[in-house]
>>> print(open('entry_9.cif').read())   # mmCIF, C-alpha atoms
data_my_file
#
loop_
_atom_site.label_atom_id
_atom_site.label_comp_id
_atom_site.auth_asym_id
_atom_site.auth_seq_id
_atom_site.Cartn_x
_atom_site.Cartn_y
_atom_site.Cartn_z
CA PHE A 1290 45.16 -80.67 -29.22
CA THR A 1291 42.37 -83.24 -29.66
CA SER A 1292 39.92 -81.13 -27.63
CA GLN A 1293 39.76 -78.39 -30.26
CA HIS A 1294 38.91 -80.95 -32.92
CA CYS A 1295 36.22 -82.31 -30.62
CA LEU A 1296 34.80 -78.78 -30.39
CA ALA A 1297 34.99 -78.35 -34.18
CA ALA A 1298 33.20 -81.68 -34.70
CA ASN A 1299 30.59 -80.69 -32.12
CA GLN A 1300 29.94 -77.37 -33.89
CA THR A 1301 29.78 -79.12 -37.26
CA SER A 1302 27.16 -81.52 -35.90
CA TRP A 1303 25.18 -78.63 -34.38
CA THR A 1304 25.15 -76.75 -37.68
CA SER A 1305 24.08 -79.85 -39.59
CA GLU A 1306 21.23 -80.57 -37.17
CA VAL A 1307 19.91 -77.00 -37.33
CA VAL A 1308 20.00 -77.03 -41.14
CA THR A 1309 18.17 -80.38 -41.07
CA ALA A 1310 15.53 -78.84 -38.80
CA PHE A 1311 15.06 -76.00 -41.30
CA VAL A 1312 14.58 -78.55 -44.10
CA ARG A 1313 11.94 -80.40 -42.05
CA ILE A 1314 10.14 -77.11 -41.36
CA GLU A 1315 10.00 -76.42 -45.10
CA GLN A 1316 8.61 -79.94 -45.57
CA GLY A 1317 5.74 -79.16 -43.18
CA ASN A 1318 7.03 -80.28 -39.78
CA GLU A 1319 6.52 -77.10 -37.75
CA ASN A 1320 7.91 -78.66 -34.55
CA ALA A 1321 11.25 -79.71 -36.04
CA MET A 1322 13.24 -76.92 -34.37
CA LYS A 1323 11.46 -77.48 -31.05
CA ASP A 1324 12.31 -81.18 -31.22
CA TYR A 1325 15.99 -80.40 -31.70
CA TYR A 1326 15.80 -77.90 -28.85
CA GLN A 1327 14.67 -80.69 -26.52
CA GLN A 1328 17.53 -82.84 -27.82
CA CYS A 1329 20.00 -80.07 -26.93
CA LEU A 1330 18.57 -79.88 -23.41
CA GLN A 1331 19.07 -83.63 -22.97
CA GLY A 1332 22.68 -83.28 -24.10
CA LEU A 1333 23.33 -80.51 -21.57
CA VAL A 1334 21.86 -82.64 -18.79
CA LEU A 1335 24.24 -85.45 -19.79
CA TYR A 1336 27.23 -83.09 -19.70
CA ALA A 1337 26.14 -81.82 -16.26
CA GLN A 1338 26.05 -85.38 -14.94
CA MET A 1339 29.54 -86.00 -16.32
CA VAL A 1340 30.91 -82.89 -14.59
CA LEU A 1341 29.38 -83.92 -11.25
CA GLY A 1342 31.16 -87.26 -11.48
CA GLU A 1343 34.83 -88.06 -11.00
CA MET A 1344 36.98 -86.71 -13.84
CA THR A 1345 40.51 -85.54 -14.33
CA LYS A 1346 41.13 -81.79 -14.34
CA GLU A 1347 41.87 -81.82 -18.07
CA HIS A 1348 38.71 -83.75 -18.98
CA ARG A 1349 36.62 -81.54 -16.71
CA THR A 1350 37.91 -78.45 -18.56
CA LYS A 1351 36.99 -80.02 -21.90
CA VAL A 1352 33.45 -80.89 -20.79
CA LYS A 1353 32.94 -77.43 -19.28
CA THR A 1354 34.01 -75.92 -22.60
CA LEU A 1355 31.51 -78.13 -24.41
CA ILE A 1356 28.81 -76.96 -22.00
CA THR A 1357 29.68 -73.31 -22.66
CA VAL A 1358 29.47 -73.78 -26.42
CA ASP A 1359 26.30 -75.89 -26.30
CA VAL A 1360 24.53 -73.43 -23.97
CA HIS A 1361 25.08 -70.74 -26.58
CA GLY A 1362 23.79 -73.14 -29.25
CA ARG A 1363 20.71 -73.81 -27.14
CA ASP A 1364 20.08 -70.07 -26.77
CA ILE A 1365 20.38 -69.55 -30.53
CA ILE A 1366 17.88 -72.33 -31.22
CA LEU A 1367 15.47 -70.84 -28.68
CA LYS A 1368 15.88 -67.45 -30.37
CA LEU A 1369 15.12 -69.04 -33.75
CA ILE A 1370 11.96 -70.55 -32.27
CA ASN A 1371 10.81 -67.30 -30.64
CA GLU A 1372 11.43 -65.29 -33.81
CA LYS A 1373 9.66 -68.01 -35.86
CA CYS A 1374 12.56 -68.35 -38.29
CA ASP A 1375 11.65 -70.96 -40.89
CA SER A 1376 14.51 -70.50 -43.37
CA PRO A 1377 18.33 -70.71 -43.22
CA GLY A 1378 18.38 -67.23 -44.75
CA ALA A 1379 17.22 -65.61 -41.49
CA PHE A 1380 19.77 -63.13 -40.19
CA THR A 1381 19.67 -64.67 -36.72
CA TRP A 1382 21.05 -67.87 -38.24
CA GLN A 1383 23.32 -66.21 -40.81
CA SER A 1384 25.06 -64.18 -38.09
CA GLN A 1385 26.34 -67.33 -36.34
CA LEU A 1386 29.58 -69.22 -36.90
CA LYS A 1387 28.48 -72.25 -38.93
CA TYR A 1388 30.92 -75.13 -39.32
CA ARG A 1389 30.68 -77.53 -42.25
CA TRP A 1390 32.76 -80.34 -43.68
CA ASP A 1391 33.48 -80.21 -47.43
CA ASP A 1392 33.71 -83.72 -48.86
CA GLU A 1393 35.38 -82.54 -52.07
CA GLN A 1394 38.16 -80.52 -50.44
CA LEU A 1395 38.27 -82.79 -47.37
CA ASP A 1396 38.45 -79.85 -45.01
CA CYS A 1397 36.39 -77.91 -42.49
CA PHE A 1398 35.01 -74.48 -43.40
CA ILE A 1399 33.35 -71.83 -41.26
CA ASN A 1400 30.66 -69.51 -42.65
CA ILE A 1401 29.22 -66.38 -41.09
CA CYS A 1402 27.07 -63.96 -43.10
CA ASP A 1403 28.82 -63.75 -46.50
CA ALA A 1404 32.30 -64.63 -45.16
CA GLU A 1405 33.93 -68.03 -45.36
CA PHE A 1406 37.07 -69.24 -43.59
CA ARG A 1407 39.02 -72.46 -43.68
CA TYR A 1408 39.62 -74.06 -40.29
CA THR A 1409 43.39 -73.83 -40.05
CA ASN A 1410 44.02 -76.40 -37.27
CA GLU A 1411 46.51 -74.26 -35.36
CA ASN A 1412 47.19 -75.72 -31.93
CA THR A 1413 45.18 -73.63 -29.46
CA PRO A 1414 45.40 -74.48 -25.73
CA SER A 1415 42.43 -76.08 -24.01
CA ALA A 1416 41.94 -73.37 -21.40
CA GLY A 1417 38.17 -73.13 -21.65
CA ARG A 1418 35.98 -70.63 -23.46
CA LEU A 1419 34.36 -67.40 -22.40
CA VAL A 1420 30.61 -67.24 -22.01
CA ILE A 1421 29.23 -66.24 -25.41
CA THR A 1422 26.94 -63.22 -25.12
CA PRO A 1423 25.07 -61.13 -27.73
CA LEU A 1424 27.96 -58.65 -27.57
CA THR A 1425 30.36 -61.49 -28.40
CA ASP A 1426 28.24 -62.32 -31.44
CA ARG A 1427 28.47 -58.70 -32.58
CA ILE A 1428 32.25 -58.73 -32.30
CA TYR A 1429 32.38 -62.02 -34.23
CA ILE A 1430 30.30 -60.54 -37.05
CA THR A 1431 32.35 -57.32 -37.20
CA ALA A 1432 35.74 -59.04 -37.04
CA THR A 1433 34.93 -61.75 -39.57
CA GLN A 1434 33.44 -59.30 -42.06
CA SER A 1435 36.49 -57.04 -41.80
CA ALA A 1436 38.78 -60.05 -42.29
CA HIS A 1437 36.68 -61.15 -45.27
CA LEU A 1438 37.09 -57.69 -46.83
CA ILE A 1439 40.82 -57.65 -45.91
CA LEU A 1440 40.31 -54.71 -43.58
CA GLY A 1441 41.13 -54.01 -39.95
CA CYS A 1442 38.83 -54.22 -36.94
CA ALA A 1443 39.10 -52.12 -33.77
CA PRO A 1444 36.63 -53.06 -31.00
CA GLN A 1445 36.14 -50.10 -28.67
CA GLY A 1446 34.89 -49.97 -25.11
CA PRO A 1447 35.90 -49.50 -21.47
CA ALA A 1448 38.75 -51.51 -19.99
CA GLY A 1449 37.93 -54.99 -18.77
CA THR A 1450 34.86 -55.53 -20.97
CA GLY A 1451 36.38 -58.47 -22.88
CA LYS A 1452 37.48 -56.91 -26.18
CA THR A 1453 40.82 -58.70 -26.31
CA GLU A 1454 39.47 -61.99 -24.95
CA SER A 1455 36.67 -61.97 -27.53
CA VAL A 1456 39.18 -61.62 -30.36
CA LYS A 1457 41.27 -64.43 -28.87
CA ALA A 1458 38.13 -66.58 -28.57
CA LEU A 1459 37.34 -65.92 -32.23
CA GLY A 1460 40.84 -67.09 -33.11
CA GLN A 1461 40.18 -70.32 -31.24
CA CYS A 1462 36.91 -70.76 -33.13
CA LEU A 1463 38.76 -70.38 -36.45
CA GLY A 1464 41.67 -72.55 -35.36
CA ARG A 1465 44.12 -69.66 -35.69
CA GLN A 1466 46.84 -68.37 -33.46
CA VAL A 1467 46.29 -64.88 -32.05
CA LEU A 1468 49.23 -62.69 -31.12
CA VAL A 1469 48.42 -60.01 -28.52
CA PHE A 1470 50.74 -57.10 -27.79
CA ASN A 1471 50.38 -53.75 -26.08
CA CYS A 1472 50.82 -50.70 -28.31
CA ASP A 1473 52.18 -48.36 -25.67
CA GLU A 1474 54.83 -45.68 -26.08
CA GLN A 1475 57.62 -48.27 -25.77
CA PHE A 1476 56.29 -50.28 -28.71
CA ASP A 1477 58.28 -48.89 -31.66
CA TYR A 1478 59.13 -50.00 -35.18
CA ARG A 1479 61.82 -52.35 -33.87
CA SER A 1480 59.30 -54.29 -31.75
CA MET A 1481 56.90 -54.52 -34.69
CA GLY A 1482 59.75 -55.62 -36.92
CA ARG A 1483 60.65 -58.47 -34.59
CA ILE A 1484 57.09 -59.79 -34.88
CA PHE A 1485 57.16 -59.55 -38.69
CA VAL A 1486 60.53 -61.29 -38.91
CA GLY A 1487 59.26 -63.99 -36.55
CA LEU A 1488 56.36 -64.64 -38.92
CA ARG A 1489 58.78 -64.70 -41.84
CA VAL A 1490 60.95 -67.29 -40.08
CA LYS A 1491 57.84 -69.35 -39.35
CA LEU A 1492 56.87 -69.41 -43.02
CA ALA A 1493 60.42 -70.25 -44.04
CA SER A 1494 60.57 -73.11 -41.55
CA VAL A 1495 57.36 -74.55 -42.97
CA ARG A 1496 58.84 -74.57 -46.46
CA GLN A 1497 62.01 -76.24 -45.22
CA LEU A 1498 60.20 -78.92 -43.21
CA ASP A 1499 57.93 -79.71 -46.16
CA SER A 1500 60.83 -79.96 -48.63
CA ASP A 1501 62.85 -83.10 -49.36
CA GLY A 1502 66.22 -81.45 -48.83
CA PRO A 1503 67.54 -78.62 -46.67
CA GLY A 1504 66.35 -75.25 -47.90
CA ASP A 1505 68.20 -71.97 -47.63
CA SER A 1506 65.26 -69.75 -46.64
CA TRP A 1507 65.61 -70.46 -42.92
CA ALA A 1508 69.37 -70.00 -42.88
CA HIS A 1509 69.21 -66.84 -45.01
CA VAL A 1510 66.69 -65.11 -42.76
CA TYR A 1511 67.77 -66.42 -39.38
CA ARG A 1512 71.54 -65.99 -39.75
CA GLY A 1513 71.17 -62.58 -41.35
CA ALA A 1514 69.09 -61.21 -38.49
CA PRO A 1515 70.60 -59.65 -35.35
CA LEU A 1516 70.25 -61.28 -31.95
CA GLY A 1517 67.18 -59.24 -31.02
CA VAL A 1518 65.40 -60.39 -34.17
CA ARG A 1519 66.27 -64.00 -33.39
CA GLY A 1520 64.54 -63.60 -30.04
CA GLY A 1521 61.51 -62.12 -31.81
CA ALA A 1522 61.58 -65.02 -34.26
CA ALA A 1523 60.72 -67.35 -31.42
CA GLN A 1524 57.53 -65.32 -30.84
CA GLY A 1525 56.27 -66.20 -34.29
CA LEU A 1526 57.56 -69.77 -34.30
CA GLN A 1527 54.51 -71.39 -32.68
CA PRO A 1528 53.00 -73.60 -35.40
CA SER A 1529 51.28 -76.93 -34.86
CA LEU A 1530 53.96 -79.64 -34.78
CA LEU A 1531 52.93 -83.09 -35.89
CA ARG A 1532 54.92 -86.31 -36.21
CA ASP A 1533 54.52 -88.16 -39.49
CA GLY A 1534 54.93 -91.89 -40.00
CA SER A 1535 58.72 -91.65 -40.12
CA GLY A 1536 58.88 -89.83 -36.79
CA HIS A 1537 59.91 -86.46 -38.23
CA LEU A 1538 58.36 -83.24 -36.94
CA ARG A 1539 56.38 -81.28 -39.50
CA CYS A 1540 54.73 -77.91 -39.17
CA ASN A 1541 51.20 -77.04 -40.21
CA PRO A 1542 51.54 -77.13 -44.04
CA ARG A 1543 48.92 -74.42 -44.56
CA PRO A 1544 49.84 -71.30 -42.61
CA GLN A 1545 47.33 -68.52 -43.15
CA ALA A 1546 49.63 -65.65 -42.17
CA ALA A 1547 50.49 -64.27 -45.59
CA ILE A 1548 52.82 -61.29 -45.38
CA GLY A 1549 54.71 -59.90 -48.36
CA GLU A 1550 58.31 -61.10 -48.38
CA LYS A 1551 59.59 -57.81 -49.80
CA MET A 1552 58.08 -55.93 -46.87
CA LEU A 1553 59.55 -58.37 -44.35
CA ARG A 1554 62.99 -58.18 -45.90
CA GLY A 1555 62.78 -54.39 -45.80
CA VAL A 1556 61.86 -54.53 -42.11
CA ALA A 1557 64.80 -56.87 -41.43
CA ARG A 1558 67.20 -54.51 -43.18
CA LEU A 1559 65.75 -51.58 -41.22
CA ILE A 1560 66.29 -53.37 -37.91
CA SER A 1561 69.81 -54.44 -38.87
CA ALA A 1562 70.74 -50.81 -39.67
#
>>> encode(input="entry_9.cif", output="structure tokens")
Amino acid sequence: FTSQHCLAANQTSWTSEVVTAFVRIEQGNENAMKDYYQQCLQGLVLYAQMVLGEMTKEHRTKVKTLITVDVHGRDIILKLINEKCDSPGAFTWQSQLKYRWDDEQLDCFINICDAEFRYTNENTPSAGRLVITPLTDRIYITATQSAHLILGCAPQGPAGTGKTESVKALGQCLGRQVLVFNCDEQFDYRSMGRIFVGLRVKLASVRQLDSDGPGDSWAHVYRGAPLGVRGGAAQGLQPSLLRDGSGHLRCNPRPQAAIGEKMLRGVARLISA
């Protein structure tokens, strides 16, 4: 769980350093971006030395993930230098995921083009990251703009080209859980309903865990659902669990999956029929 926050902090630092380099360029230092490029190379050499040493399997995975992310950051900086970008308004820079910490709201935000997302701190496993290619950047731009406009996104391409993995990687970048399912001929309205009810149970459990007394939302939804829906509820019940000072488990208090309750109740009644 701490590795994803390390990655978020690393990306926040990278964004801040690039913006600082742009400011220095505007102030007359034409080599500011090149200086930071050399700094990135030194950091990659340090990571390479760490990987060659003795490390646990978990720590090695974390460092390899940092290398993957920083190599992409190095390539972006080199592209900014080659294209002679001297302003943060350049599309090459605007099309990247840019992390920033807001001191007023005390939270991390991610900007790309004209879209902005709050880092939602969902627990994503530390299983490494895919190599980020120009095609990955295109998918990130398309998916984030569609999410910003509250629209859908359907990456198309041959099998095995990384469409699904790229969407899952974007979810890790945003700190959000991604649910993947196969829409074959056996996937009917009942299967979709189980996923919706699972999300509904997740939201209800968050309200109950954050309340002072026992709420009735969880009991109303969970007891009123058939056995198949209860199994589907477990699919959606994967929030980040944290222990507070008193030792009680609490879910992520800011779930971003907002689904209309009337629609979910209608789906539950349809499945129960």
>>> resolve_selection(input="entry_9.cif", expression="the PyMOL selection byres ((chain A and resi 1354) around 9)", output="list of chain:residue names")
A:Leu1296, A:Arg1349, A:Thr1350, A:Lys1351, A:Val1352, A:Lys1353, A:Leu1355, A:Ile1356, A:Thr1357, A:Val1358, A:Asp1359, A:Ser1415, A:Ala1416, A:Gly1417, A:Arg1418, A:Leu1419
>>> closest_residue(input="entry_9.cif", among="A:Ser1292, A:Gly1378, A:Thr1425, A:Ile1314", to="Glu1347 (chain A)", atoms="all atoms listed in the file")
A:Ser1292
>>> resolve_selection(input="entry_9.cif", expression="the PyMOL selection byres ((chain A and resi 1383-1396) around 9)", output="list of chain:residue names")
A:Ala1297, A:Ala1298, A:Gln1300, A:Thr1301, A:Ser1302, A:Trp1303, A:Thr1304, A:Ser1305, A:Ile1365, A:Pro1377, A:Gly1378, A:Ala1379, A:Phe1380, A:Thr1381, A:Trp1382, A:Cys1397, A:Phe1398, A:Ile1399, A:Asn1400, A:Ile1401, A:Cys1402, A:Asp1403, A:Arg1407, A:Tyr1408, A:Asp1426, A:Arg1427, A:Tyr1429, A:Ile1430, A:Cys1462
>>> atom_distance(input="entry_9.cif", atom1="CA of Ala1432 (chain A)", atom2="CA of Val1469 (chain A)")
15.3 Å
>>> atom_distance(input="entry_9.cif", atom1="CA of Ser1376 (chain A)", atom2="CA of Thr1309 (chain A)")
10.8 Å
>>> residues_around(input="entry_9.cif", residues="region 1449-1452 of chain A", least_positions_apart="5", cutoff="9 Å", atoms="all atoms listed in the file", output="MDAnalysis selection string")
chainID A and resid 1425 1428 1444 1457
>>> atom_distance(input="entry_9.cif", atom1="CA of Val1360 (chain A)", atom2="CA of Leu1335 (chain A)")
12.7 Å
>>> residues_around(input="entry_9.cif", residues="Tyr1326 (chain A)", least_positions_apart="3", cutoff="9 Å", atoms="only C-alpha atoms", output="JSON, numbers by chain")
{"A": [1321, 1322, 1323, 1329, 1330, 1331, 1363, 1366, 1367, 1370]}
>>> closest_residue(input="entry_9.cif", among="A:Ala1337, A:Val1467, A:Ile1484, A:Cys1472", to="Ser1455 (chain A)", atoms="only C-alpha atoms")
A:Val1467
>>> axis_aligned_box(input="entry_9.cif", around="region 1373-1385 of chain A", padding_each_side="3 Å", output="AutoDock Vina command-line options")
--center_x 18.0 --center_y -67.0 --center_z -40.3 --size_x 22.7 --size_y 13.8 --size_z 14.9
